Amino acid sequence: MSLCEYDFLSFLYSSFTFVYFLNIAFILSFMSVRFSGLYINLVPLYVLVLLITGRFVGFQHVQSREHMAFFLLMQVFYFLDWVKYQLNDTKLFQTFLRITVTSAILVGAIALGVGTASGYISLRALPTAWSSFMFDYHILLFLFPAGLYFCFKRLSDATIFIVMYGLTSLYFAGVMCHSLYFAGVMVRLIFVATPAICLISAIAVSATVKNLTSLLRAKQKVPQTGSSKGPGSSKASSKVTLDQAQPFQKNGAIALLVGVFYLLSGYAIHCTWVTSEAYSSPSIVLAARGAHGNRIIFDDYREAYYWLTQNTPTDAKVMSWWDYGYQITAMGNRTVIVDNNTWNNTHIATVGRAMYDRARGVEIGNKDIKLEHLEEAYTTSNWIVRIYRVKPPTNRL
Amino acid sequence: MKKTSSVVDLLLLLLAINVLATPAFSDLVLSKVERRIDVTSQIARVTKTLKVVNSGSESVSEFTLTFPKFLGNNLAYLTVSHSEGKGKAKRFLANLSVKEAHAKGTPDSISFYSVSLPKPLSKGDTLTLEVVAAFTNVLQPFPEKITQRDIHLVMLQESAQYLSPYVVESQSLSIKLPNARIESYTKLENSKVQGSEIKYGPYKNLAQYSYAPIVVHFESKAAFAVAEKLVREIEVSHWGNVQVTEHYNLVHRGAQLKGEFSRLEYQDRPNPQGVSAFRHLLARLPPRAHSIYYRDDIGNISTSQMQSDSKKTELLIEPRFPLFGGWKTFFTIGYGLPLSDFLFASEGKRFLDISFGSPMIDLVTEKLIVQVVLPEGSKDISVTTPFDVKQSHEIKYSHLDIAGRPVVVLEKNNVVPDHNQNIQVYYKFSNINLLSEPLMLITGFFVLFITCIIYTRADFSISKSSAAYLAKLQWDEVLATLQEVQNIIQKCLAAHDKLEASLRDLSRTGDIQTCKAARKSTDSFLKDLSKELRPLLASLQSFPSASQISPKVEELVAKEKELQEKLMAKHTTVVEGYEKKSSGRDIENRIASQQQKIVALRQEVDDLVEFIDEI
């Protein structure tokens with residue numbers, strides 16, 4: 001049942017990324033299932049789903065490392081769970097976990113080092129630059145290790161999951177390279193790691209704030225003045241020093257809390273700025289900075305589409321490359337010949353042949369061009385879009 | 001060409017009329033007629049100064065203005081006033097009422113307008129009338145289709161001799177052309193060109209209905225911007241804002257563009273091709289206009305500039321593409337105005353005094369619809385306009401409306417910038433209605449909150465003996481018991497602290513008796529508390545739903561008891577030490593191990609308390 005559902009959804013989306021996120025859904029569903037019979041059922045189900053959806057979107061997702069990684073993650077999680085069950089002792093399990101994670105990190109680091117040294121991994125091809133890590137993560141970069149520490153302090157199913165997710169996705173974001181698919185689009189993998197990093201850092205912040213506020217709320221013990229006298233003096237003096245340290249402790253706690261809130265508000269402002277500067281550019285209105293730093297807007301696409309809407313007959317057909325198909329349909333309100341959802345490759349190829357360019361290898365500045373079947377209907381103010389009208393055929397006589 | 005044939009027809013007809021000489025209009029004589037036609041923009045503005053003399057025997061109270069039909073059909077604006085004095089001392093007096101009139105027996109190819117004179121003109125008197133008329137669509141683009149490179153040539157057809165049902169003694173005509181090329185003009189006697197003006201006349205002693213058609217073919221540099229349809233919505237809100245939203249369907253009504261549009265030639269410097277197109281439109285908005293937006297179907301248009309000062313706000317907008325002949329576009333302009341500048345009170349009524357037409361200069365509107373939306377509860381709505389409009393009423397439903405807002409819809413065709421005068425909309429509105437919206441909101445939220453309060457406090461269980469209901473009741477009791485247990489534990493811990501405090505006092509003051517007394521009181525206090533605790537523990541054990549919690553609670557109580565005992569032991573040891581006057585270090589050593597255990601126990605107790613806290 002769920003199999004059919006997943007397949008139908010992936011068919012609708014026809015998107016490779018959807019299946020990618022579907023895996024996350026699988027993992028979450030696995031989480032709630034204790035291993036036993038159900039586990040045996042879910043694994044083949046998962047494999048079947050992958051294969052059947054592959055029929056619609058190509059088999060990249062089976063081949064790609066991302067999916068295999070998530071499958072691996074799931075297996076790792078089950079392995080850990082099984083080990084926990086076998087060991088039957090929390091402390092032992094925690095030690096076991098610490099050992100495995102440390103060794104995994106060590107192995108990873110060694111592999112990276114060896115790989116770099118032997119030239120197998122070229123540093124040039126390291127996809128995500130550290131500066132982009134800082135740009136996207138800001139204070140999470142140092143809160144994340146702190147959060148890891150807190151997670152290990154209080155191990156439970158939830159914390160184990162989040163640690164595994166965070167570490168493996170960071171591994172992908174920071175280290176993976178090699179396949180062409182990854183080379184260009186690394187930044188997305190930062191987003192894969194983001195939920196885990198955020199949660200772990202949040203654990204760190206929450207634990208810190210909790211400790212600080214409990215210091216603030218601790219009951220004020222009666223401060224000791226005066227000298228220690230007679231028996232119990234050293235005990236009393238130690239009590240005195242403890243009491244004297246407490247007022248400063250309170251002030252220190254307040255100062256640290258203010259610092260934490262400043263940090264968090266700075267982070268919120270940074271995130272808003274990053275989103276507005278780097279992740280909010282619509283690709284239909286282009287913007288640039290002029291020579292004096294003034295902002296120049298290139299609204300050529302909308303200008304051309306609006307001209308189409310207003311000044312062409314309503315039954316006009318527009319031939320363009322398929323990238324602009326949906327935009328012309330939506331904003332220009334005209335029929336297009338090929339658009340973004342055209343599956344017929346021959347159809348697209350025919351349009352491509354009609355538009356084959358004669359500009360390669362030709363001297364620039366060819367001015368005596370005489371168009372025979374077309375005439376220029378409109379060109380936008382910054383020359384980005386040019387619209388041509390098909391002339392009615394001339395009489396033969 | 002259709003128009004010249006109609007002119008020829010008219011000419012023949014007039015000759016016929018001359019012969020017949022209808023007697024209805026013969027008493028008045030126009031002693032001097034000066035006509036000025038201004039065709040620098042897309043509208044032909046005709047200004048006539050007529051000196052009327054009553055050469056008949058009866059007093060006349062009406063004057064007839066005539067236009068040839070092809071002009072009369074395109075008449076957008078006509079006012080007639082009378083003036084006194086001449087030259088610099090000319091004073092313009094009131095506007096006179098003009099009505100379209102068509103007397104029997106008059107030919108169809110002439111439009112007649114009847115002007116009521118301010119007072120009857122008696123025999124021999126003179127009167128000076130000033131007529132201002134604006135015509136749209138009389139500048140015909142000729143040729144009708146041009147390429148991008150061509151200049152925009154238009155044609156005006158008029159009459160060199162003033163067409164009038166009265167005898168004209170002396171007349172002259174001057175046509176003011178834009179400062180550009182004059183392609184051709186009809187050369188009659190007494191016609192000459194002076195700079196960019198063509199002067200015809202003076203002609204003397206012309207008969208009634210004399211007509212001399214002339215055609216002037218010249219280049220026009222005006223922007224032939226015409227709004228096919230303009231919907232102007234003026235929404236009045238008594239909270240302090242008048243919101244004006246205007247939707248323009250703009251078209252270029254000049255010569256149509258044929259062939260291609262070449263951006264290269266359009267942007268070429270120093271000779272840009274495409275002078276027939278226009279790019280900018282200037283709108284003069286009232287001062288203190290705010291929140292101005294300029295958008296269309298697909299989003300915001302960023303090519304606009306605004307400049308405001310204390311007298312006006314100027315908005316220069318540029319449509320997405322330059323408009324060539326035949327091209328059209330659509331956009332929306334909206335702005336807010338402060339209410340105090342436009343809403344006034346008079347005789348128990350309020351009235352809105354606002355401009356009627358489009359704020360764009362030099363824009364002709366073929367169909368103008370003005371919707372004035374008044375607040376809900378407005379009554380007795382009436383509109384005063386300086387010219388004829390078609391009125392109707394509608395209802396608009398908007399935020400928080402129950403009965404809807406009354407809308408006065410005014411429609412007018414063929415609107416020119418001369419029509420941009422103020423109209424007044426009168427209505428009655430009682431101030432109580434202003435509170436209706438806030439009261440509605442307050443009542444809504446109030447009802448919501450009351451419902452929530454009732455829902456959380458009332459017992460809606462259907463069956464009082466269902467398992468879930470009983471379990472809930474039981475859980476509530478468990479929580480209450482836990483709370484009491486906690487309170488008692490807190491009191492015990494407070495007693496422990498007091499004991500410790502008494503020890504510290506002892507070390508400070510050496511007062512053994514007070515210490516002992518404190519110990520005794522604490523002892524009895526703790527005993528009381530443990531007595532209270534016992535029934536609570538028993539009841540807690542009796543609840544099945546507390547099966548997981550009660551062992552913890554018991555553990556807590558047991559530990560607390562242990563702590564108690566240890567503390568007491570320590571206290572005794574210290575007091576004994578003091579009584580024996582042994583050194584402080586001795587006492588320390590003796591109670592060292594006890595102290596350690598006490599600290600550990602205290603920690604455990606605290607943990608358990610926290611755990612219970614979190615339930």
# chains A, B, ... in the order shown; residues from 1 in each chain; ligands from 1
call {"tool": "residues_around", "arguments": {"residues": "Ser210 in chain B", "least_positions_apart": "4", "cutoff": "7 Å", "atoms": "only C-alpha atoms", "output": "MDAnalysis selection string"}}
result
chainID B and resid 161:163 206
call {"tool": "write_last_selection", "arguments": {"atoms": "C-alpha atoms", "output": "JSON list (two decimals), in the first residue's frame"}}
result
[["chain", "number", "residue", "atom", "x", "y", "z"],
["B", 161, "GLN", "CA", -14.46, 81.15, -41.96],
["B", 162, "TYR", "CA", -16.42, 80.83, -38.76],
["B", 163, "LEU", "CA", -19.47, 78.66, -39.22],
["B", 206, "LEU", "CA", -19.44, 87.10, -44.23]]
call {"tool": "residues_around", "arguments": {"residues": "range 163-165 of chain A", "least_positions_apart": "5", "cutoff": "8 Å", "atoms": "only C-alpha atoms", "output": "list in words"}}
result
Leu73, Leu148, Cys151, Ala193, Ala196 and Ile200 of chain A
call {"tool": "residues_around", "arguments": {"residues": "Leu285 in chain B", "least_positions_apart": "5", "cutoff": "12 Å", "atoms": "only C-alpha atoms", "output": "PDB file with all heavy atoms, in the first residue's frame"}}
result
ATOM      1  N   VAL B 244      -6.753  55.937  -3.275  1.00  0.00           N
ATOM      2  CA  VAL B 244      -7.126  56.055  -4.693  1.00  0.00           C
ATOM      3  C   VAL B 244      -6.394  54.960  -5.463  1.00  0.00           C
ATOM      4  O   VAL B 244      -5.178  54.822  -5.336  1.00  0.00           O
ATOM      5  CB  VAL B 244      -6.733  57.430  -5.260  1.00  0.00           C
ATOM      6  CG1 VAL B 244      -7.167  57.551  -6.702  1.00  0.00           C
ATOM      7  CG2 VAL B 244      -7.351  58.537  -4.436  1.00  0.00           C
ATOM      8  N   HIS B 290       0.888  59.433  -0.215  1.00  0.00           N
ATOM      9  CA  HIS B 290       1.862  58.492   0.352  1.00  0.00           C
ATOM     10  C   HIS B 290       1.565  57.082  -0.128  1.00  0.00           C
ATOM     11  O   HIS B 290       0.514  56.822  -0.726  1.00  0.00           O
ATOM     12  CB  HIS B 290       1.822  58.546   1.879  1.00  0.00           C
ATOM     13  CG  HIS B 290       0.467  58.204   2.439  1.00  0.00           C
ATOM     14  ND1 HIS B 290       0.058  56.928   2.706  1.00  0.00           N
ATOM     15  CD2 HIS B 290      -0.564  58.984   2.776  1.00  0.00           C
ATOM     16  CE1 HIS B 290      -1.159  56.943   3.178  1.00  0.00           C
ATOM     17  NE2 HIS B 290      -1.565  58.176   3.236  1.00  0.00           N
ATOM     18  N   ILE B 292       2.704  55.204  -2.541  1.00  0.00           N
ATOM     19  CA  ILE B 292       2.384  55.139  -3.964  1.00  0.00           C
ATOM     20  C   ILE B 292       2.936  53.836  -4.520  1.00  0.00           C
ATOM     21  O   ILE B 292       4.093  53.500  -4.290  1.00  0.00           O
ATOM     22  CB  ILE B 292       3.007  56.323  -4.713  1.00  0.00           C
ATOM     23  CG1 ILE B 292       2.565  57.626  -4.057  1.00  0.00           C
ATOM     24  CG2 ILE B 292       2.616  56.301  -6.168  1.00  0.00           C
ATOM     25  CD1 ILE B 292       3.118  58.855  -4.701  1.00  0.00           C
ATOM     26  N   MET B 306       9.487  59.730  -8.212  1.00  0.00           N
ATOM     27  CA  MET B 306       8.534  60.577  -7.517  1.00  0.00           C
ATOM     28  C   MET B 306       9.248  61.782  -6.957  1.00  0.00           C
ATOM     29  O   MET B 306      10.351  61.670  -6.443  1.00  0.00           O
ATOM     30  CB  MET B 306       7.882  59.796  -6.380  1.00  0.00           C
ATOM     31  CG  MET B 306       6.772  60.552  -5.728  1.00  0.00           C
ATOM     32  SD  MET B 306       6.158  59.713  -4.292  1.00  0.00           S
ATOM     33  CE  MET B 306       7.236  60.343  -3.062  1.00  0.00           C
ATOM     34  N   GLN B 307       8.579  62.931  -7.082  1.00  0.00           N
ATOM     35  CA  GLN B 307       9.146  64.143  -6.524  1.00  0.00           C
ATOM     36  C   GLN B 307       8.008  64.878  -5.850  1.00  0.00           C
ATOM     37  O   GLN B 307       6.977  65.119  -6.470  1.00  0.00           O
ATOM     38  CB  GLN B 307       9.671  64.993  -7.674  1.00  0.00           C
ATOM     39  CG  GLN B 307      10.864  65.779  -7.333  1.00  0.00           C
ATOM     40  CD  GLN B 307      11.360  66.528  -8.534  1.00  0.00           C
ATOM     41  OE1 GLN B 307      10.660  66.613  -9.537  1.00  0.00           O
ATOM     42  NE2 GLN B 307      12.531  67.069  -8.419  1.00  0.00           N
ATOM     43  N   SER B 308       8.180  65.192  -4.607  1.00  0.00           N
ATOM     44  CA  SER B 308       7.044  65.834  -3.939  1.00  0.00           C
ATOM     45  C   SER B 308       7.478  67.130  -3.304  1.00  0.00           C
ATOM     46  O   SER B 308       8.607  67.278  -2.844  1.00  0.00           O
ATOM     47  CB  SER B 308       6.474  64.897  -2.882  1.00  0.00           C
ATOM     48  OG  SER B 308       7.444  64.630  -1.916  1.00  0.00           O
ATOM     49  N   ASP B 309       6.561  68.107  -3.302  1.00  0.00           N
ATOM     50  CA  ASP B 309       6.787  69.307  -2.509  1.00  0.00           C
ATOM     51  C   ASP B 309       5.464  69.677  -1.863  1.00  0.00           C
ATOM     52  O   ASP B 309       4.528  68.884  -1.869  1.00  0.00           O
ATOM     53  CB  ASP B 309       7.366  70.438  -3.367  1.00  0.00           C
ATOM     54  CG  ASP B 309       6.453  70.813  -4.531  1.00  0.00           C
ATOM     55  OD1 ASP B 309       5.206  70.751  -4.350  1.00  0.00           O
ATOM     56  OD2 ASP B 309       6.968  71.148  -5.594  1.00  0.00           O
ATOM     57  N   SER B 310       5.377  70.882  -1.349  1.00  0.00           N
ATOM     58  CA  SER B 310       4.207  71.196  -0.540  1.00  0.00           C
ATOM     59  C   SER B 310       2.969  71.452  -1.377  1.00  0.00           C
ATOM     60  O   SER B 310       1.869  71.495  -0.858  1.00  0.00           O
ATOM     61  CB  SER B 310       4.488  72.414   0.328  1.00  0.00           C
ATOM     62  OG  SER B 310       4.818  73.500  -0.506  1.00  0.00           O
ATOM     63  N   LYS B 311       3.130  71.632  -2.715  1.00  0.00           N
ATOM     64  CA  LYS B 311       1.953  71.967  -3.524  1.00  0.00           C
ATOM     65  C   LYS B 311       1.444  70.764  -4.293  1.00  0.00           C
ATOM     66  O   LYS B 311       0.296  70.679  -4.676  1.00  0.00           O
ATOM     67  CB  LYS B 311       2.306  73.073  -4.531  1.00  0.00           C
ATOM     68  CG  LYS B 311       2.710  74.362  -3.903  1.00  0.00           C
ATOM     69  CD  LYS B 311       1.512  75.282  -3.774  1.00  0.00           C
ATOM     70  CE  LYS B 311       1.830  76.515  -2.945  1.00  0.00           C
ATOM     71  NZ  LYS B 311       3.186  76.996  -3.030  1.00  0.00           N
ATOM     72  N   LYS B 312       2.333  69.840  -4.630  1.00  0.00           N
ATOM     73  CA  LYS B 312       1.924  68.721  -5.463  1.00  0.00           C
ATOM     74  C   LYS B 312       2.941  67.601  -5.309  1.00  0.00           C
ATOM     75  O   LYS B 312       4.024  67.794  -4.780  1.00  0.00           O
ATOM     76  CB  LYS B 312       1.864  69.146  -6.930  1.00  0.00           C
ATOM     77  CG  LYS B 312       3.212  69.583  -7.472  1.00  0.00           C
ATOM     78  CD  LYS B 312       3.082  70.116  -8.859  1.00  0.00           C
ATOM     79  CE  LYS B 312       4.417  70.500  -9.452  1.00  0.00           C
ATOM     80  NZ  LYS B 312       5.265  71.333  -8.624  1.00  0.00           N
ATOM     81  N   THR B 313       2.530  66.444  -5.764  1.00  0.00           N
ATOM     82  CA  THR B 313       3.451  65.308  -5.816  1.00  0.00           C
ATOM     83  C   THR B 313       3.520  64.903  -7.268  1.00  0.00           C
ATOM     84  O   THR B 313       2.496  64.593  -7.880  1.00  0.00           O
ATOM     85  CB  THR B 313       2.884  64.131  -4.999  1.00  0.00           C
ATOM     86  OG1 THR B 313       2.506  64.606  -3.737  1.00  0.00           O
ATOM     87  CG2 THR B 313       3.904  63.045  -4.848  1.00  0.00           C
ATOM     88  N   GLU B 314       4.704  64.902  -7.835  1.00  0.00           N
ATOM     89  CA  GLU B 314       4.823  64.557  -9.254  1.00  0.00           C
ATOM     90  C   GLU B 314       5.347  63.150  -9.388  1.00  0.00           C
ATOM     91  O   GLU B 314       6.360  62.796  -8.816  1.00  0.00           O
ATOM     92  CB  GLU B 314       5.785  65.530  -9.944  1.00  0.00           C
ATOM     93  CG  GLU B 314       5.085  66.801 -10.325  1.00  0.00           C
ATOM     94  CD  GLU B 314       5.924  67.645 -11.249  1.00  0.00           C
ATOM     95  OE1 GLU B 314       7.092  67.287 -11.503  1.00  0.00           O
ATOM     96  OE2 GLU B 314       5.412  68.671 -11.687  1.00  0.00           O
ATOM     97  N   LEU B 315       4.637  62.358 -10.153  1.00  0.00           N
ATOM     98  CA  LEU B 315       5.024  60.973 -10.356  1.00  0.00           C
ATOM     99  C   LEU B 315       5.308  60.790 -11.836  1.00  0.00           C
ATOM    100  O   LEU B 315       4.419  60.979 -12.668  1.00  0.00           O
ATOM    101  CB  LEU B 315       3.871  60.067  -9.905  1.00  0.00           C
ATOM    102  CG  LEU B 315       4.082  58.575  -9.987  1.00  0.00           C
ATOM    103  CD1 LEU B 315       5.134  58.141  -9.002  1.00  0.00           C
ATOM    104  CD2 LEU B 315       2.778  57.864  -9.700  1.00  0.00           C
ATOM    105  N   LEU B 316       6.532  60.444 -12.152  1.00  0.00           N
ATOM    106  CA  LEU B 316       6.897  60.217 -13.547  1.00  0.00           C
ATOM    107  C   LEU B 316       6.983  58.719 -13.752  1.00  0.00           C
ATOM    108  O   LEU B 316       7.824  58.063 -13.147  1.00  0.00           O
ATOM    109  CB  LEU B 316       8.257  60.866 -13.831  1.00  0.00           C
ATOM    110  CG  LEU B 316       8.722  60.751 -15.275  1.00  0.00           C
ATOM    111  CD1 LEU B 316       7.905  61.664 -16.149  1.00  0.00           C
ATOM    112  CD2 LEU B 316      10.179  61.117 -15.387  1.00  0.00           C
ATOM    113  N   ILE B 333      -2.022  52.236 -10.692  1.00  0.00           N
ATOM    114  CA  ILE B 333      -1.330  53.166  -9.804  1.00  0.00           C
ATOM    115  C   ILE B 333      -2.208  53.344  -8.579  1.00  0.00           C
ATOM    116  O   ILE B 333      -3.414  53.522  -8.703  1.00  0.00           O
ATOM    117  CB  ILE B 333      -1.117  54.529 -10.486  1.00  0.00           C
ATOM    118  CG1 ILE B 333      -0.187  54.361 -11.673  1.00  0.00           C
ATOM    119  CG2 ILE B 333      -0.527  55.523  -9.531  1.00  0.00           C
ATOM    120  CD1 ILE B 333       0.112  55.652 -12.366  1.00  0.00           C
ATOM    121  N   GLY B 334      -1.606  53.267  -7.418  1.00  0.00           N
ATOM    122  CA  GLY B 334      -2.390  53.477  -6.212  1.00  0.00           C
ATOM    123  C   GLY B 334      -1.660  54.388  -5.265  1.00  0.00           C
ATOM    124  O   GLY B 334      -0.430  54.382  -5.214  1.00  0.00           O
ATOM    125  N   TYR B 335      -2.394  55.180  -4.534  1.00  0.00           N
ATOM    126  CA  TYR B 335      -1.772  56.066  -3.554  1.00  0.00           C
ATOM    127  C   TYR B 335      -2.789  56.415  -2.483  1.00  0.00           C
ATOM    128  O   TYR B 335      -3.997  56.319  -2.689  1.00  0.00           O
ATOM    129  CB  TYR B 335      -1.203  57.330  -4.199  1.00  0.00           C
ATOM    130  CG  TYR B 335      -2.149  58.076  -5.119  1.00  0.00           C
ATOM    131  CD1 TYR B 335      -2.885  59.164  -4.664  1.00  0.00           C
ATOM    132  CD2 TYR B 335      -2.297  57.710  -6.453  1.00  0.00           C
ATOM    133  CE1 TYR B 335      -3.739  59.844  -5.496  1.00  0.00           C
ATOM    134  CE2 TYR B 335      -3.144  58.382  -7.291  1.00  0.00           C
ATOM    135  CZ  TYR B 335      -3.865  59.456  -6.820  1.00  0.00           C
ATOM    136  OH  TYR B 335      -4.717  60.122  -7.655  1.00  0.00           O
ATOM    137  N   GLY B 336      -2.270  56.835  -1.341  1.00  0.00           N
ATOM    138  CA  GLY B 336      -3.136  57.218  -0.239  1.00  0.00           C
ATOM    139  C   GLY B 336      -3.032  58.706   0.004  1.00  0.00           C
ATOM    140  O   GLY B 336      -1.982  59.305  -0.207  1.00  0.00           O
ATOM    141  N   LEU B 337      -4.119  59.281   0.429  1.00  0.00           N
ATOM    142  CA  LEU B 337      -4.140  60.713   0.696  1.00  0.00           C
ATOM    143  C   LEU B 337      -4.680  60.938   2.103  1.00  0.00           C
ATOM    144  O   LEU B 337      -5.523  60.176   2.574  1.00  0.00           O
ATOM    145  CB  LEU B 337      -5.067  61.429  -0.311  1.00  0.00           C
ATOM    146  CG  LEU B 337      -4.703  61.260  -1.782  1.00  0.00           C
ATOM    147  CD1 LEU B 337      -5.855  61.674  -2.665  1.00  0.00           C
ATOM    148  CD2 LEU B 337      -3.483  62.083  -2.115  1.00  0.00           C
ATOM    149  N   ILE B 354     -12.910  66.102  -4.239  1.00  0.00           N
ATOM    150  CA  ILE B 354     -11.747  65.448  -4.833  1.00  0.00           C
ATOM    151  C   ILE B 354     -11.786  65.611  -6.336  1.00  0.00           C
ATOM    152  O   ILE B 354     -12.846  65.857  -6.918  1.00  0.00           O
ATOM    153  CB  ILE B 354     -11.711  63.954  -4.421  1.00  0.00           C
ATOM    154  CG1 ILE B 354     -10.307  63.405  -4.570  1.00  0.00           C
ATOM    155  CG2 ILE B 354     -12.711  63.146  -5.206  1.00  0.00           C
ATOM    156  CD1 ILE B 354     -10.084  62.154  -3.802  1.00  0.00           C
ATOM    157  N   SER B 355     -10.645  65.508  -6.996  1.00  0.00           N
ATOM    158  CA  SER B 355     -10.599  65.721  -8.442  1.00  0.00           C
ATOM    159  C   SER B 355     -11.236  64.534  -9.159  1.00  0.00           C
ATOM    160  O   SER B 355     -11.225  63.418  -8.671  1.00  0.00           O
ATOM    161  CB  SER B 355      -9.151  65.893  -8.900  1.00  0.00           C
ATOM    162  OG  SER B 355      -8.440  64.713  -8.697  1.00  0.00           O
ATOM    163  N   GLY B 357     -10.972  63.599 -12.828  1.00  0.00           N
ATOM    164  CA  GLY B 357     -10.328  62.828 -13.889  1.00  0.00           C
ATOM    165  C   GLY B 357      -8.989  62.254 -13.455  1.00  0.00           C
ATOM    166  O   GLY B 357      -8.635  62.238 -12.282  1.00  0.00           O
ATOM    167  N   SER B 358      -8.264  61.807 -14.433  1.00  0.00           N
ATOM    168  CA  SER B 358      -6.967  61.205 -14.171  1.00  0.00           C
ATOM    169  C   SER B 358      -5.962  62.297 -13.827  1.00  0.00           C
ATOM    170  O   SER B 358      -6.004  63.382 -14.385  1.00  0.00           O
ATOM    171  CB  SER B 358      -6.519  60.464 -15.427  1.00  0.00           C
ATOM    172  OG  SER B 358      -5.139  60.285 -15.410  1.00  0.00           O
ATOM    173  N   PRO B 359      -5.028  62.025 -12.922  1.00  0.00           N
ATOM    174  CA  PRO B 359      -4.026  63.042 -12.594  1.00  0.00           C
ATOM    175  C   PRO B 359      -2.949  63.190 -13.659  1.00  0.00           C
ATOM    176  O   PRO B 359      -2.101  64.068 -13.539  1.00  0.00           O
ATOM    177  CB  PRO B 359      -3.417  62.531 -11.289  1.00  0.00           C
ATOM    178  CG  PRO B 359      -3.646  61.083 -11.320  1.00  0.00           C
ATOM    179  CD  PRO B 359      -4.908  60.848 -12.058  1.00  0.00           C
ATOM    180  N   MET B 360      -2.993  62.383 -14.699  1.00  0.00           N
ATOM    181  CA  MET B 360      -1.940  62.484 -15.723  1.00  0.00           C
ATOM    182  C   MET B 360      -2.208  63.698 -16.594  1.00  0.00           C
ATOM    183  O   MET B 360      -3.339  63.930 -17.014  1.00  0.00           O
ATOM    184  CB  MET B 360      -1.964  61.255 -16.614  1.00  0.00           C
ATOM    185  CG  MET B 360      -1.864  59.990 -15.869  1.00  0.00           C
ATOM    186  SD  MET B 360      -0.426  59.128 -16.377  1.00  0.00           S
ATOM    187  CE  MET B 360      -0.506  57.748 -15.343  1.00  0.00           C
ATOM    188  N   ILE B 361      -1.145  64.419 -16.868  1.00  0.00           N
ATOM    189  CA  ILE B 361      -1.320  65.558 -17.757  1.00  0.00           C
ATOM    190  C   ILE B 361      -1.322  65.021 -19.188  1.00  0.00           C
ATOM    191  O   ILE B 361      -0.683  64.033 -19.503  1.00  0.00           O
ATOM    192  CB  ILE B 361      -0.186  66.580 -17.563  1.00  0.00           C
ATOM    193  CG1 ILE B 361       1.169  65.952 -17.821  1.00  0.00           C
ATOM    194  CG2 ILE B 361      -0.233  67.129 -16.172  1.00  0.00           C
ATOM    195  CD1 ILE B 361       2.304  66.925 -17.695  1.00  0.00           C
ATOM    196  N   ASN B 420     -10.415  67.846 -15.308  1.00  0.00           N
ATOM    197  CA  ASN B 420      -9.861  67.459 -14.012  1.00  0.00           C
ATOM    198  C   ASN B 420     -10.181  68.503 -12.962  1.00  0.00           C
ATOM    199  O   ASN B 420      -9.303  69.118 -12.380  1.00  0.00           O
ATOM    200  CB  ASN B 420      -8.354  67.266 -14.151  1.00  0.00           C
ATOM    201  CG  ASN B 420      -7.853  66.303 -13.120  1.00  0.00           C
ATOM    202  OD1 ASN B 420      -8.638  65.669 -12.437  1.00  0.00           O
ATOM    203  ND2 ASN B 420      -6.558  66.177 -13.014  1.00  0.00           N
TER     204      ASN B 420
END
call {"tool": "atom_distance", "arguments": {"atom1": "CA of Glu100 in chain B", "atom2": "CA of Ser116 in chain B"}}
result
11.4 Å
call {"tool": "atom_distance", "arguments": {"atom1": "CA of Ala517 in chain B", "atom2": "CA of Ser502 in chain B"}}
result
9.5 Å
call {"tool": "closest_atom_pairs", "arguments": {"of": "chain B", "to": "chain A", "cutoff": "6 Å", "atoms": "only C-alpha atoms", "output": "JSON lines"}}
result
{"residue": "B:Glu260", "atom": "CA", "partner": "A:Glu376", "partner_atom": "CA", "distance": 5.0}
{"residue": "B:Phe261", "atom": "CA", "partner": "A:Ala377", "partner_atom": "CA", "distance": 5.4}
{"residue": "B:Arg263", "atom": "CA", "partner": "A:Thr379", "partner_atom": "CA", "distance": 5.8}
{"residue": "B:Arg320", "atom": "CA", "partner": "A:Glu303", "partner_atom": "CA", "distance": 5.3}
{"residue": "B:Trp327", "atom": "CA", "partner": "A:Asn311", "partner_atom": "CA", "distance": 5.8}
{"residue": "B:Lys328", "atom": "CA", "partner": "A:Gln310", "partner_atom": "CA", "distance": 6.0}
{"residue": "B:Thr329", "atom": "CA", "partner": "A:Gln310", "partner_atom": "CA", "distance": 5.8}
{"residue": "B:Ser583", "atom": "CA", "partner": "A:Pro231", "partner_atom": "CA", "distance": 5.3}
{"residue": "B:Gly584", "atom": "CA", "partner": "A:Pro231", "partner_atom": "CA", "distance": 2.6}
{"residue": "B:Glu588", "atom": "CA", "partner": "A:Gly232", "partner_atom": "CA", "distance": 5.9}
call {"tool": "atom_distance", "arguments": {"atom1": "CA of Asn179 in chain B", "atom2": "CA of Arg284 in chain B"}}
result
25.1 Å
call {"tool": "select_by_dssp", "arguments": {"residues": "range 62-130 of chain B", "states": "strand (DSSP E)", "output": "PyMOL selection string"}}
result
chain B and resi 62-68+75-84+91-96+98-100+110-121+126-130
